[in-house]
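Structure data (mmCIF, C-alpha atoms) from upload33.cif:
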data_data
#
loop_
_atom_site.label_atom_id
_atom_site.label_comp_id
_atom_site.auth_asym_id
_atom_site.auth_seq_id
_atom_site.Cartn_x
_atom_site.Cartn_y
_atom_site.Cartn_z
CA MET A 625 135.81 124.12 171.16
CA SER A 626 134.71 127.00 169.04
CA PRO A 627 136.95 127.79 166.11
CA ALA A 628 137.28 131.38 164.99
CA PRO A 629 134.57 132.65 162.62
CA ARG A 630 135.55 132.11 159.01
CA GLY A 631 134.60 135.56 157.90
CA ARG A 632 131.48 134.69 155.94
CA ARG A 633 128.39 136.92 156.13
CA SER A 634 128.43 137.73 159.81
CA SER A 635 125.85 140.48 160.20
CA LEU A 636 122.35 139.71 161.37
CA THR A 637 119.58 140.29 158.90
CA LEU A 638 116.84 140.28 161.53
CA VAL A 639 116.13 143.99 161.27
CA ALA A 640 116.36 145.78 157.96
CA SER A 641 119.49 147.89 157.87
CA SER A 642 119.27 151.45 156.58
CA ALA A 643 121.77 152.95 154.21
CA GLY A 644 124.05 155.79 155.16
CA ALA A 645 127.18 156.54 157.10
CA ALA A 646 125.21 157.11 160.29
CA HIS A 647 124.39 153.42 160.35
CA VAL A 648 127.94 152.15 160.12
CA GLY A 649 128.17 152.12 163.92
CA ALA A 650 124.87 150.25 164.18
CA ASP A 651 126.07 147.65 161.64
CA GLU A 652 129.27 147.19 163.60
CA ARG A 653 127.29 146.72 166.80
CA LYS A 654 125.14 144.13 165.02
CA THR A 655 128.23 142.27 163.81
CA ASN A 656 129.69 142.26 167.30
CA ARG A 657 126.40 141.02 168.70
CA ALA A 658 126.26 138.21 166.14
CA ARG A 659 129.78 137.21 167.17
CA ASP A 660 128.73 137.34 170.81
CA TRP A 661 125.72 135.18 170.08
CA SER A 662 127.88 132.73 168.18
CA GLY A 663 130.21 132.44 171.18
CA LEU A 664 127.29 132.16 173.60
CA MET A 665 125.73 129.37 171.55
CA ALA A 666 129.05 127.52 171.37
CA ARG A 667 129.25 127.65 175.17
CA ALA A 668 125.59 126.67 175.49
CA GLN A 669 126.25 123.60 173.32
CA ASP A 670 128.88 122.62 175.89
CA GLY A 671 126.31 122.89 178.67
CA ASP A 672 126.98 126.43 179.98
CA ARG A 673 123.53 127.44 181.25
CA HIS A 674 124.44 131.06 182.04
CA ALA A 675 125.59 131.58 178.45
CA TYR A 676 122.42 129.88 177.19
CA ARG A 677 120.17 132.08 179.31
CA ALA A 678 122.04 135.22 178.17
CA LEU A 679 121.68 134.14 174.54
CA LEU A 680 117.95 133.36 174.74
CA GLU A 681 117.16 136.56 176.64
CA ASP A 682 119.27 138.64 174.27
CA MET A 683 117.76 137.30 171.07
CA THR A 684 114.12 137.35 172.24
CA PRO A 685 113.56 141.08 171.47
CA TYR A 686 114.93 140.54 167.94
CA LEU A 687 112.65 137.57 167.40
CA ARG A 688 109.75 139.65 168.72
CA ALA A 689 110.54 142.42 166.20
CA LEU A 690 110.68 139.89 163.39
CA ALA A 691 107.41 138.24 164.41
CA ALA A 692 105.65 141.58 164.92
CA ARG A 693 106.04 142.25 161.18
CA CYS A 694 103.95 139.21 160.30
CA PHE A 695 101.27 139.08 163.01
CA LYS A 696 98.71 141.72 163.89
CA GLU A 697 97.93 140.28 167.31
CA PRO A 698 100.78 140.64 169.84
CA SER A 699 99.76 137.30 171.38
CA ASP A 700 100.27 135.55 168.00
CA ALA A 701 103.69 137.19 167.65
CA GLU A 702 104.63 136.04 171.17
CA ASP A 703 103.50 132.48 170.38
CA ALA A 704 105.69 132.56 167.25
CA VAL A 705 108.67 133.76 169.35
CA GLN A 706 108.13 130.83 171.71
CA ASP A 707 107.95 128.43 168.77
CA VAL A 708 111.31 129.75 167.55
CA LEU A 709 112.88 129.43 171.00
CA LEU A 710 111.65 125.83 171.28
CA THR A 711 113.04 124.96 167.85
CA VAL A 712 116.39 126.65 168.59
CA HIS A 713 116.57 124.53 171.72
CA ALA A 714 115.69 121.30 169.90
CA VAL A 715 118.16 121.79 167.03
CA ARG A 716 120.94 123.66 168.83
CA HIS A 717 123.35 120.85 167.99
CA THR A 718 123.02 121.73 164.28
CA TYR A 719 124.76 125.08 164.79
CA ASP A 720 128.37 125.15 163.69
CA PRO A 721 130.27 127.82 165.71
CA GLY A 722 132.56 128.32 162.73
CA ARG A 723 129.66 129.82 160.79
CA PRO A 724 127.73 133.06 161.41
CA PHE A 725 124.88 132.79 163.89
CA GLY A 726 122.52 135.28 162.19
CA PRO A 727 121.53 133.25 159.09
CA TRP A 728 121.08 130.14 161.24
CA LEU A 729 118.71 131.91 163.62
CA VAL A 730 116.83 133.82 160.91
CA ALA A 731 116.28 130.63 158.88
CA ILE A 732 114.74 128.90 161.91
CA ALA A 733 112.66 131.97 162.78
CA ASN A 734 111.32 132.30 159.23
CA ARG A 735 110.43 128.61 159.15
CA ARG A 736 108.44 128.82 162.41
CA ILE A 737 106.71 132.09 161.51
CA ILE A 738 105.64 130.73 158.11
CA ASP A 739 104.36 127.52 159.75
CA ARG A 740 102.29 129.53 162.23
CA LEU A 741 100.91 131.80 159.46
CA ARG A 742 99.91 128.71 157.45
CA ARG A 743 98.18 127.21 160.47
CA GLN A 744 96.30 130.48 161.02
CA ILE A 745 95.16 130.64 157.40
CA ARG A 746 93.99 127.00 157.52
CA ALA A 747 92.12 127.60 160.79
CA ARG A 748 90.47 130.76 159.47
CA SER A 749 89.22 128.95 156.38
CA ARG A 750 87.17 126.51 158.47
CA GLU A 751 86.41 128.41 161.68
CA ILE A 752 84.14 131.39 162.39
CA GLU A 753 85.06 133.78 165.12
CA LEU A 754 82.29 134.24 167.65
CA SER A 755 81.18 137.82 168.04
CA SER A 756 79.28 139.22 171.01
CA GLU A 757 76.00 138.54 169.15
CA HIS A 758 76.68 134.80 169.44
CA GLU A 759 77.24 134.95 173.17
CA THR A 760 74.59 133.76 175.54
CA PHE A 761 74.42 133.81 179.30
CA SER A 762 72.43 131.74 181.73
CA PRO A 763 70.70 134.66 183.57
CA ASP A 764 67.19 135.38 182.18
CA ALA A 765 67.91 139.07 181.85
CA ALA A 766 70.59 138.36 179.24
CA ASN A 767 68.19 136.45 176.99
CA LEU A 768 65.19 137.40 174.86
CA HIS A 769 62.07 137.64 176.94
CA PHE A 770 59.73 134.78 176.17
CA ASP A 771 56.59 136.91 176.81
CA ASP A 772 57.65 139.47 174.19
CA ALA A 773 58.09 136.80 171.56
CA SER A 774 54.74 135.27 172.38
CA ALA A 775 53.04 138.72 172.27
CA ASP A 776 54.53 139.35 168.80
CA SER A 777 53.37 135.94 167.66
CA ALA A 778 49.82 136.57 168.96
CA ALA A 779 49.65 139.93 167.17
CA LEU A 780 50.79 138.30 163.93
CA GLN A 781 48.24 135.48 164.26
CA ALA A 782 45.48 138.05 164.86
CA ALA A 783 46.54 140.04 161.80
CA ILE A 784 46.60 136.88 159.64
CA ALA A 785 43.09 136.01 160.82
CA THR A 786 41.76 139.27 159.35
CA LEU A 787 43.13 138.52 155.85
CA ALA A 788 40.97 137.46 152.90
CA PRO A 789 40.66 133.61 152.70
CA ASP A 790 42.88 133.19 149.59
CA GLN A 791 45.58 135.43 151.09
CA ARG A 792 45.37 133.60 154.43
CA LEU A 793 45.78 130.29 152.65
CA ALA A 794 48.81 131.53 150.67
CA ILE A 795 50.55 132.86 153.82
CA ASN A 796 49.74 129.68 155.71
CA LEU A 797 51.20 127.39 153.05
CA LEU A 798 54.17 129.43 151.86
CA LYS A 799 55.34 131.22 155.01
CA LEU A 800 54.09 129.26 158.02
CA LYS A 801 54.42 125.75 156.59
CA GLU A 802 57.40 126.86 154.47
CA MET A 803 56.23 125.00 151.33
CA SER A 804 57.73 125.77 147.95
CA LEU A 805 55.52 127.51 145.35
CA LYS A 806 55.09 124.21 143.49
CA GLU A 807 54.12 122.30 146.63
CA ALA A 808 51.69 125.04 147.69
CA ALA A 809 50.13 125.09 144.20
CA LEU A 810 49.62 121.33 144.35
CA ALA A 811 48.16 121.46 147.86
CA SER A 812 45.79 124.39 147.22
CA GLY A 813 44.87 123.70 143.60
CA ARG A 814 45.76 127.27 142.61
CA SER A 815 48.25 128.43 140.06
CA VAL A 816 51.76 129.55 141.05
CA SER A 817 51.16 133.08 139.80
CA ALA A 818 47.87 133.34 141.77
CA LEU A 819 49.72 132.26 144.93
CA LYS A 820 52.48 134.81 144.27
CA VAL A 821 49.92 137.62 143.89
CA ALA A 822 48.01 136.52 147.00
CA THR A 823 51.24 136.36 149.07
CA HIS A 824 52.35 139.78 147.88
CA ARG A 825 48.99 141.34 148.78
CA ALA A 826 48.86 139.47 152.12
CA ILE A 827 52.29 140.73 153.19
CA LYS A 828 51.36 144.26 152.17
CA SER A 829 48.18 144.24 154.24
CA LEU A 830 49.89 142.47 157.18
CA ARG A 831 52.58 145.15 157.24
CA LYS A 832 49.87 147.82 157.24
CA ARG A 833 47.89 146.18 160.04
CA LEU A 834 50.90 145.48 162.26
CA ARG A 835 52.11 149.06 161.84
CA GLN A 836 48.68 150.36 162.81
CA SER A 837 48.53 148.10 165.88
CA SER A 838 52.03 149.15 167.04
CA GLU A 839 51.18 152.87 166.63
CA THR A 840 47.95 152.61 168.68
CA PRO A 841 48.84 152.36 172.39
CA MET B 809 100.09 129.74 177.44
CA THR B 810 103.29 129.92 179.43
CA GLY B 811 105.05 133.28 179.32
CA THR B 812 108.25 133.63 177.29
CA ARG B 813 110.28 134.25 180.45
CA GLU B 814 109.01 131.02 182.02
CA LEU B 815 109.76 129.19 178.76
CA ILE B 816 113.35 130.48 178.77
CA ASP B 817 113.69 129.34 182.41
CA ALA B 818 112.44 125.87 181.45
CA LEU B 819 114.76 125.64 178.42
CA VAL B 820 117.79 126.74 180.43
CA GLU B 821 116.87 124.20 183.11
CA CYS B 822 117.08 121.31 180.63
CA ALA B 823 120.08 122.62 178.64
CA THR B 824 122.35 119.60 178.81
CA PRO B 825 125.55 119.53 176.71
CA VAL B 826 124.98 118.46 173.11
CA ARG B 827 127.36 116.94 170.58
CA ARG B 828 127.68 119.11 167.50
CA LEU B 829 126.89 117.53 164.18
CA ARG B 830 129.82 116.55 162.05
CA PRO B 831 130.15 118.44 158.73
CA PRO B 832 127.43 117.40 156.26
CA LEU B 833 129.93 115.93 153.78
CA VAL B 834 131.35 113.64 156.46
CA ARG B 835 127.85 112.52 157.50
CA ALA B 836 126.85 111.91 153.88
CA ALA B 837 130.03 109.85 153.43
CA LEU B 838 129.12 107.79 156.53
CA TRP B 839 125.66 107.09 155.14
CA LEU B 840 127.06 106.19 151.72
CA ALA B 841 129.56 103.84 153.39
CA PHE B 842 126.63 102.19 155.16
CA ALA B 843 124.83 101.87 151.80
CA GLY B 844 127.96 100.26 150.34
CA LEU B 845 128.05 97.82 153.25
CA VAL B 846 124.38 96.88 152.75
CA ILE B 847 124.93 96.26 149.02
CA ALA B 848 128.11 94.26 149.75
CA LEU B 849 126.24 92.07 152.26
CA ILE B 850 123.48 91.43 149.70
CA ALA B 851 126.13 90.61 147.08
CA VAL B 852 127.65 88.05 149.45
CA GLY B 853 124.27 86.55 150.30
CA HIS B 854 122.65 86.65 146.87
CA GLY B 855 125.61 86.52 144.52
CA VAL B 856 126.41 88.94 141.70
CA ARG B 857 125.11 88.13 138.21
CA THR B 858 127.53 86.13 136.10
CA ASP B 859 127.73 88.41 133.06
CA LEU B 860 128.35 91.61 135.03
CA THR B 861 131.87 92.33 133.71
CA LEU B 862 130.64 91.73 130.17
CA ARG B 863 127.65 94.06 130.59
CA LEU B 864 129.76 96.80 132.18
CA ARG B 865 131.65 97.08 128.90
CA GLU B 866 128.43 98.12 127.14
CA PRO B 867 128.40 101.95 127.16
CA ALA B 868 124.61 102.30 127.70
CA PHE B 869 124.60 99.94 130.68
CA ALA B 870 127.73 101.48 132.21
CA ILE B 871 126.46 105.06 131.77
CA THR B 872 123.02 104.26 133.22
CA THR B 873 124.50 102.52 136.26
CA ALA B 874 127.16 105.20 136.80
CA ALA B 875 124.61 108.02 136.43
CA ALA B 876 122.26 106.35 138.91
CA LEU B 877 125.11 105.88 141.38
CA ALA B 878 126.27 109.49 140.94
CA THR B 879 122.68 110.71 141.41
CA GLY B 880 122.51 108.71 144.64
CA ILE B 881 125.79 110.12 145.97
CA LEU B 882 124.98 113.72 145.03
CA SER B 883 121.40 113.50 146.36
CA ALA B 884 122.73 112.18 149.67
CA ILE B 885 125.17 115.10 149.91
CA ALA B 886 122.37 117.56 149.01
CA ALA B 887 120.03 116.06 151.62
CA PHE B 888 122.63 116.32 154.40
CA VAL B 889 123.61 119.88 153.47
CA VAL B 890 120.04 121.18 153.04
CA SER B 891 118.95 119.62 156.32
CA LEU B 892 120.94 122.35 158.09
CA PRO B 893 118.91 125.54 158.51
CA ASP B 894 121.51 128.05 157.35
CA ARG B 895 122.51 126.34 154.08
CA SER B 896 121.22 127.48 150.72
CA ARG B 897 118.37 125.62 149.08
CA ARG B 898 120.37 125.74 145.84
CA TRP B 899 122.12 122.59 147.05
CA LEU B 900 118.91 120.81 146.05
CA MET B 901 120.00 121.29 142.43
CA LEU B 902 123.22 119.31 142.96
CA PRO B 903 121.92 115.92 141.75
CA MET B 904 119.95 117.38 138.81
CA PRO B 905 122.65 117.01 136.06
CA THR B 906 123.33 113.35 136.83
CA LEU B 907 119.60 112.71 137.27
CA ALA B 908 119.05 114.17 133.79
CA VAL B 909 121.81 111.92 132.37
CA TRP B 910 120.34 108.86 134.12
CA ILE B 911 116.78 109.46 132.92
CA SER B 912 117.81 110.48 129.42
CA THR B 913 120.05 107.40 129.00
CA ILE B 914 117.13 105.16 129.88
CA GLY B 915 114.81 107.19 127.63
CA TYR B 916 117.32 107.09 124.75
CA GLY B 917 117.59 103.32 125.16
CA CYS B 918 113.81 103.04 124.87
CA PHE B 919 113.80 104.84 121.51
CA THR B 920 116.86 103.32 119.88
CA ASP B 921 117.05 99.82 121.23
CA TRP B 922 113.66 98.67 122.44
CA VAL B 923 113.94 95.05 123.48
CA SER B 924 110.50 93.52 123.78
CA LEU B 925 109.62 91.09 126.49
CA GLY B 926 110.89 87.69 125.37
CA PRO B 927 108.78 84.60 124.83
CA GLU B 928 109.20 83.71 128.47
CA GLY B 929 107.64 87.06 129.40
CA VAL B 930 107.88 88.14 133.00
CA ARG B 931 109.21 85.35 135.17
CA PHE B 932 107.33 85.71 138.40
CA GLY B 933 109.95 84.06 140.62
CA ASP B 934 112.78 86.24 139.24
CA GLU B 935 110.79 89.43 139.62
CA LEU B 936 109.93 88.50 143.19
CA ARG B 937 113.63 88.02 143.95
CA CYS B 938 114.31 91.41 142.35
CA LEU B 939 111.63 92.96 144.54
CA SER B 940 113.16 91.35 147.62
CA ILE B 941 116.55 92.91 146.75
CA LEU B 942 114.84 96.27 146.28
CA VAL B 943 113.27 96.03 149.73
CA LEU B 944 116.43 94.64 151.37
CA THR B 945 118.51 97.51 149.99
CA SER B 946 116.09 100.37 150.48
CA VAL B 947 114.64 99.64 153.93
CA PRO B 948 117.93 99.83 155.91
CA LEU B 949 118.89 102.94 153.92
CA VAL B 950 115.54 104.61 154.67
CA ILE B 951 115.86 103.87 158.38
CA ALA B 952 119.49 105.06 158.57
CA LEU B 953 118.77 108.27 156.66
CA ALA B 954 115.62 109.06 158.67
CA VAL B 955 117.48 108.60 161.95
CA MET B 956 120.47 110.68 160.81
CA LEU B 957 118.28 113.52 159.51
CA ARG B 958 115.49 113.43 162.10
CA TYR B 959 116.12 117.04 163.21
CA ALA B 960 115.05 118.16 159.71
CA ALA B 961 111.43 117.49 160.78
CA MET B 962 111.43 120.96 162.31
CA LEU B 963 113.27 122.68 159.49
CA ARG B 964 112.92 121.59 155.85
CA ALA B 965 111.14 118.25 156.15
CA GLY B 966 109.62 118.18 152.63
CA ALA B 967 112.77 119.09 150.69
CA VAL B 968 115.03 116.83 152.75
CA ALA B 969 112.61 113.88 152.51
CA THR B 970 112.33 114.19 148.72
CA THR B 971 116.09 114.55 148.16
CA GLY B 972 116.81 111.73 150.61
CA GLY B 973 114.22 109.58 148.85
CA LEU B 974 115.93 110.28 145.52
CA ALA B 975 119.29 109.27 147.05
CA ILE B 976 117.87 105.95 148.26
CA ALA B 977 116.03 105.34 144.98
CA ALA B 978 119.13 106.04 142.87
CA ILE B 979 121.45 103.92 145.02
CA THR B 980 118.93 101.05 144.95
CA ALA B 981 118.45 101.38 141.18
CA SER B 982 122.22 101.33 140.63
CA ALA B 983 122.53 98.22 142.82
CA LEU B 984 119.72 96.21 141.18
CA PRO B 985 121.50 95.52 137.82
CA LEU B 986 124.43 94.06 139.76
CA PHE B 987 122.20 91.23 140.91
CA HIS B 988 119.47 90.86 138.35
CA ASN B 989 119.38 90.63 134.61
CA HIS B 990 116.80 92.81 132.87
CA ASP B 991 117.18 92.77 129.13
CA ALA B 992 113.64 93.83 128.27
CA THR B 993 113.39 97.61 128.08
CA ALA B 994 109.99 97.60 129.77
CA MET B 995 111.48 95.85 132.78
CA ILE B 996 114.45 98.24 132.89
CA LEU B 997 111.95 101.10 132.93
CA VAL B 998 109.90 99.48 135.67
CA TRP B 999 112.88 98.72 137.90
CA ASN B 1000 114.74 102.00 137.34
CA VAL B 1001 112.14 104.73 136.86
CA GLY B 1002 109.32 102.89 138.63
CA ALA B 1003 111.39 102.14 141.72
CA ALA B 1004 112.82 105.67 141.76
CA LEU B 1005 109.37 107.27 141.48
CA LEU B 1006 107.94 104.91 144.08
CA ILE B 1007 110.64 105.48 146.70
CA THR B 1008 110.91 109.23 146.09
CA GLY B 1009 107.11 109.53 146.09
CA ILE B 1010 106.73 107.61 149.35
CA ALA B 1011 109.53 109.67 150.90
CA SER B 1012 108.00 113.01 149.88
CA VAL B 1013 104.47 112.02 150.97
CA PHE B 1014 105.29 110.27 154.24
CA GLY B 1015 108.71 111.81 154.94
CA ARG B 1016 107.36 114.65 157.03
CA ARG B 1017 105.39 112.19 159.16
CA ILE B 1018 108.32 109.76 159.53
CA PHE B 1019 110.69 112.59 160.48
CA GLY B 1020 108.12 113.97 162.93
CA LEU B 1021 107.68 110.58 164.58
CA LEU B 1022 111.42 110.02 164.86
CA ALA B 1023 112.07 113.58 166.01
CA THR B 1024 109.71 113.27 168.97
CA ARG B 1025 111.04 109.84 169.97
CA LEU B 1026 114.72 110.14 169.26
CA LEU B 1027 115.60 113.84 169.49
CA ALA B 1028 117.09 113.30 172.92
CA PRO B 1029 119.85 115.74 173.82
CA GLY B 1030 123.35 114.40 173.34
CA ALA B 1031 122.33 111.49 171.11
CA HIS B 1032 123.21 112.68 167.64
CA LEU B 1033 124.80 110.74 164.86
#
Please lay out the structure from this file as structure tokens.
Amino acid sequence: MSPAPRGRRSSLTLVASSAGAAHVGADERKTNRARDWSGLMARAQDGDRHAYRALLEDMTPYLRALAARCFKEPSDAEDAVQDVLLTVHAVRHTYDPGRPFGPWLVAIANRRIIDRLRRQIRARSREIELSSEHETFSPDAANLHFDDASADSAALQAAIATLAPDQRLAINLLKLKEMSLKEAALASGRSVSALKVATHRAIKSLRKRLRQSSETP
Amino acid sequence: MTGTRELIDALVECATPVRRLRPPLVRAALWLAFAGLVIALIAVGHGVRTDLTLRLREPAFAITTAAALATGILSAIAAFVVSLPDRSRRWLMLPMPTLAVWISTIGYGCFTDWVSLGPEGVRFGDELRCLSILVLTSVPLVIALAVMLRYAAMLRAGAVATTGGLAIAAITASALPLFHNHDATAMILVWNVGAALLITGIASVFGRRIFGLLATRLLAPGAHL
């Protein structure tokens, strides 16, 4: 069964250790825990389910602390912890009880956390998160009122009708039919600069008229 | 997603006893013994070239073959050691010195003693036989190594696949001159460097996928080589 630890690095490096004499006790506790975990894993490899449960439950808070350093969202950190637990389960036969448990666990945890971070970065580069503005609901009250839109459109049409003929033509071609300046120049027989001037003046007078009509009740 | 507590319950539920892996050096030795067996079987079936003892006395030939063989052995050891999660990645450097000797011996031969393709040129039938030996040697080695290191899919798939690919390539390249005579430098380059690059390249590109496929199908508890 499990041979005695060979005295290599036996302390866990999951949580950064602080310097100072006050932490000697904490380091010792960590070392003892690593030895416990090593023994528990050796028993788990032999099929002892109680030891396996104790090991998994005992190391989960440490994995959570490690994952919390890398993920902002607690749910992401928890998913990473579960990834690590699944991998530990799948490769538990690779652990040699004669070696310290800490480096074995930390190496697996780092691997899984890095994989999940990479997946997140890849997903973010090609996905857009939906904000509340993108949400839509089936009830009418949650959507734009059709009558309002049609009233705005009617007011705009009325304002365009009052424009001078060359300005009306420029707005019609460039804004309503969405032609380019070149296409509009070809279609109307006017120069590009004349169309630009007409559009500028048309927008100015439309803005003025629409403001007037919204101010009058 | 399932809660962590439920996941632990499920994992404990299916925690059957597992057989611990043997030490990596022992497993590498097993794989190398298998490689030796494959080459021996091919030697029996195909026959070793007649002038082998004569050629082995030539320093350049002997050094190239020995360096390729050493690269294969050291790469195999590195692949088995690095496949374990808690071992240092520095083991990946283990085959580098012999790899440098192998490549530089071939390169030195190109500069000092370039033998052009003879009047017969490339004999298609011979080259086809050489290719068949390459495939016969490398395919069983690839399968054996992938099965033995399948757990690496979840740990260091890329590094293990590349080092394992180098091991197979070097062993194959050291076996080829035992069966086939390549005097033209161009052909030595093709069969040594070309084969090594091809096998290592395929291993590093497809290794992750092959390991992943094997890991899901064969990573059954208690069935470890």
**OP:** Would you write out, as a PyMOL selection string, every residue that the PyMOL selection byres ((chain B) within 7 of (chain A)) captures in this file?
**Re:** chain B and resi 812+816+820+823-829+892-894+959+963
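Interatomic distance, atom CA of B:Ala884 to atom CA of B:Ile1010: 16.6 Å.
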**OP:** Could you tell me which residues the PyMOL selection byres ((chain B and resi 969-986) around 6) grabs in this file, written as a ChimeraX atom specification?
**Re:** /B:856,873,876-877,880,883-884,887,965-968,987-988,1000,1004,1007-1008,1011-1012,1015
Take the residues that were just selected and, keeping C-alpha atoms, output them as a PDB file, keeping the file's coordinate frame.
ATOM      1  CA  VAL B 856     126.410  88.940 141.700  1.00  0.00           C
ATOM      2  CA  THR B 873     124.500 102.520 136.260  1.00  0.00           C
ATOM      3  CA  ALA B 876     122.260 106.350 138.910  1.00  0.00           C
ATOM      4  CA  LEU B 877     125.110 105.880 141.380  1.00  0.00           C
ATOM      5  CA  GLY B 880     122.510 108.710 144.640  1.00  0.00           C
ATOM      6  CA  SER B 883     121.400 113.500 146.360  1.00  0.00           C
ATOM      7  CA  ALA B 884     122.730 112.180 149.670  1.00  0.00           C
ATOM      8  CA  ALA B 887     120.030 116.060 151.620  1.00  0.00           C
ATOM      9  CA  ALA B 965     111.140 118.250 156.150  1.00  0.00           C
ATOM     10  CA  GLY B 966     109.620 118.180 152.630  1.00  0.00           C
ATOM     11  CA  ALA B 967     112.770 119.090 150.690  1.00  0.00           C
ATOM     12  CA  VAL B 968     115.030 116.830 152.750  1.00  0.00           C
ATOM     13  CA  PHE B 987     122.200  91.230 140.910  1.00  0.00           C
ATOM     14  CA  HIS B 988     119.470  90.860 138.350  1.00  0.00           C
ATOM     15  CA  ASN B1000     114.740 102.000 137.340  1.00  0.00           C
ATOM     16  CA  ALA B1004     112.820 105.670 141.760  1.00  0.00           C
ATOM     17  CA  ILE B1007     110.640 105.480 146.700  1.00  0.00           C
ATOM     18  CA  THR B1008     110.910 109.230 146.090  1.00  0.00           C
ATOM     19  CA  ALA B1011     109.530 109.670 150.900  1.00  0.00           C
ATOM     20  CA  SER B1012     108.000 113.010 149.880  1.00  0.00           C
ATOM     21  CA  GLY B1015     108.710 111.810 154.940  1.00  0.00           C
TER      22      GLY B1015
END
**OP:** Using the chain letters and numbers from the file, give me the residues hit by the PyMOL selection byres ((chain A and resi 829) around 12), as a PyMOL selection string.
**Re:** chain A and resi 780+783-788+791-792+795+822-828+830-836
**OP:** Kindly give the distance, in Å, that separates atom CA of B:Phe869 and atom CA of B:Trp910, rounded to a single decimal.
**Re:** 10.5 Å
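Computed from the coordinates, the atom CA of B:Pro832 to atom CA of B:Gly844 distance equals 18.1 Å.
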Original post:
Nearest to B:Leu907: which of B:Leu815, B:Ala837, B:Cys938, B:Ile881 is it, counting only C-alpha atoms?
Top reply: B:Ile881
**OP:** For stretch 741-748 of chain A, list every protein, DNA or RNA residue within 9 Å, evaluated using only C-alpha atoms, and leave out those in the same chain fewer than 5 positions away; present the list as a ChimeraX atom specification.
**Re:** /A:694-695,736,753
**OP:** Point out the residue among B:Ala954, B:Ala836, B:Leu939, B:Ala868 with the least atom-to-atom distance to B:Ile911, counting all atoms listed in the file.
**Re:**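 Nearest candidate to B:Ile911 out of B:Ala954, B:Ala836, B:Leu939, B:Ala868: B:Ala868.
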Original post:
Leaving out B:Val889 and any residue of its chain fewer than 4 positions from it, which residues lie within 8 Å of it when counting only C-alpha atoms, given as a list in words?
Top reply: Pro832, Leu833, Ile885, Arg895 and Trp899 of chain B
